[in-house]
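These notes concern the structure reproduced below.
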Amino acid sequence: MSELKHHMGLFQLTMYGVGLILGAGIYVLIGEAAGFAGDAVWIAFVLGSIVALFAGFSYAELTSIFPKAAAEYVFIKNSFKNNFFAFVIGWLTAITSIITAATVALGFGGYFIEFVDIPIIISAIGLLVILSIVNFIGIRESAWTNTIFTIIEAAGLILIIIIGFTFANPEPVNYMESPTGISGIAIAFVLIFFAFIGFEDMANIAEEVKKPRKTLPRAIILSVIISGIIYILVSLAVVRVVNWEELATSSAPMAMVAERGLGSEAHIILSAIALFAITNTVLITLIAGSRIFYGMAKENVFPKILEKVHFKTKTPWLSIIVIMITSIIFTTFGDIVVVANITVFAIVITFAAVNLAVIVLRYTQPDIERKFKVPINIGKFPVLPLIGLIISGYMALQFDLEVVAVGIGIIVVGIIFYLSYGRRKVEIK
């Protein structure tokens with residue numbers, strides 16, 4: 001038996017998507033972004049929202065056609081009829097899930113030590129094991145855990161918004177002021193895009209969604225819009241409470257804002273909420289990563305044993321074990337800003353491929369049923385995916401050499417795996 005069970009409706013899936021996006025990134029990276037963009041950091045979040053929405057539209061159209069686990073692999077394979085290209089994109093998605101889970105788990109350890117004095121790596125490993133058990137128990141239980149955690153982390157951000165817009169700031173904020181001008185806003189935009197990624201993983205649980213061809217597109221777009229609005233309001237609020245120079249030097253910028261607005265006890269409250277946000281990010285990343293492994297095993301490019309579904313929980317238990325073990329291995333190293341950029345680099349390449357896939361599929365399979373279609377078209381040609389493709393190309397050129405080298409290294413390892421295993425096992429269906 002290798003079929004997953006359909007449990008998730010529109011509400012749970014939208015909450016899942018919001019939980020994916022409203023993760024650890026905003027709690028850590030908004031200070032770094034303010035250092036580059038100053039009080040104009042909100043513009044970086046507007047740009048991030050627009051790019052995420054463009055990609056979200058493309059994912060929505062493709063999921064309405066191909067609601068499958070290992071979504072990116074399936075999209076590229078069916079659009080380009082090229083299994084090698086599809087494998088590279090699927091591999092990037094799978095590996096970045098592992099790296100993200102490990103790195104964010106270490107972030108959990110950094111916050112948890114404020115409450116319990118145990119080594120960071122022990123906390124991180126413990127979190128990965130516990131959440132892997134939740135993942136194994138079932139998607140319904142995982143979804144409800146995510147829903148509760150999403151409400152808590154959204155409440156933390158809403159608290160920041162309320163503090164910001166009710167704070168008696170004696171000096172008006174110049175929301176157009178950036179210490180390094182447009183270039184600083186552009187750098188901040190690339191950095192904070194890590195805070196937007198995650199919605200793409202919604203596509204990888206398609207086989208556990210009720211009426212996925214209709215539900216997935218709606219949930220993807222709703223989650224991007226909801227998260228984008230919250231992010232923009234947060235970015236407008238924080239600089240009213242703490243000046244951008246201070247935010248840039250803080251390792252816990254949200255906690256600093258809360259403390260400045262409500263007193264020292266608020267620091268503990270926000271730290272606790274950050275723990276929920278980080279836990280939620282790790283849980284959802286482990287879920288999505290295991291479904292990518294499962295889906296690629298079904299497509300014959302990963303070992304078939306990873307396709308096994310537990311007879312009772314209806315979850316891909318061997319894929320869950322593999323991503324847990326590999327994530328634990330990755331907890332032995334990683335700086336969150338560097339790894340955030342590595343993850344964004346990989347995602348930018350994936351978004352470029354997905355946007356291109358929408359364009360190609362409009363011409364190669366114009367009559368295929370699309371329950372959702374990207375808006376703004378010239379004849380068959382979709383305009384927004386083209387803009388998304390161009391922006392993705394621009395973003396790919398903004399990373400440090402170290403980040404690009406690691407990203408290329410991940411691709412090379414994937415190519416070696418494909419040539420030694422995947423090519424022999426797969427055929428275009």
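In the structure tokens, chains take letters A, B, ... by order of appearance, with residues numbered from 1 within each chain and ligands from 1 in the order shown.
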Spatial neighbours of A:Asn355, 10 Å, only C-alpha atoms, chain gap at least 2 places, as number ranges by chain: A: 54-59, 62, 350-353, 357-360, 382, 384-390, 392
Strand (DSSP E or B) residues, from DSSP on the backbone, in stretch 303-383 of chain A, as a PyMOL selection string: chain A and resi 377-378+381-382
Write the residues of the preceding selection, restricted to C-alpha atoms, as a PDB file, in the first residue's frame.
ATOM      1  CA  ASN A 377      -2.572  36.884 -20.423  1.00  0.00           C
ATOM      2  CA  ILE A 378      -1.824  37.981 -23.976  1.00  0.00           C
ATOM      3  CA  PHE A 381       1.025  33.847 -23.149  1.00  0.00           C
ATOM      4  CA  PRO A 382       0.961  34.411 -19.333  1.00  0.00           C
TER       5      PRO A 382
END
Alpha helix (DSSP H) residues, from DSSP on the backbone, in stretch 31-143 of chain A, as a ChimeraX atom specification: /A:31-37,41-65,71-80,83-112,120-137,139-143
Spatial neighbours of stretch 121-130 of chain A, 12 Å, only C-alpha atoms, chain gap at least 6 places, as a ChimeraX atom specification: /A:98,100-115,136-137,142,275-276,278-287,320-334
Pick from A:Val41, A:Leu10, A:Ile205, A:Val18, whichever lies nearest to A:Gly228 using only C-alpha atoms: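 Among the listed residues, A:Val18 lies closest to A:Gly228.
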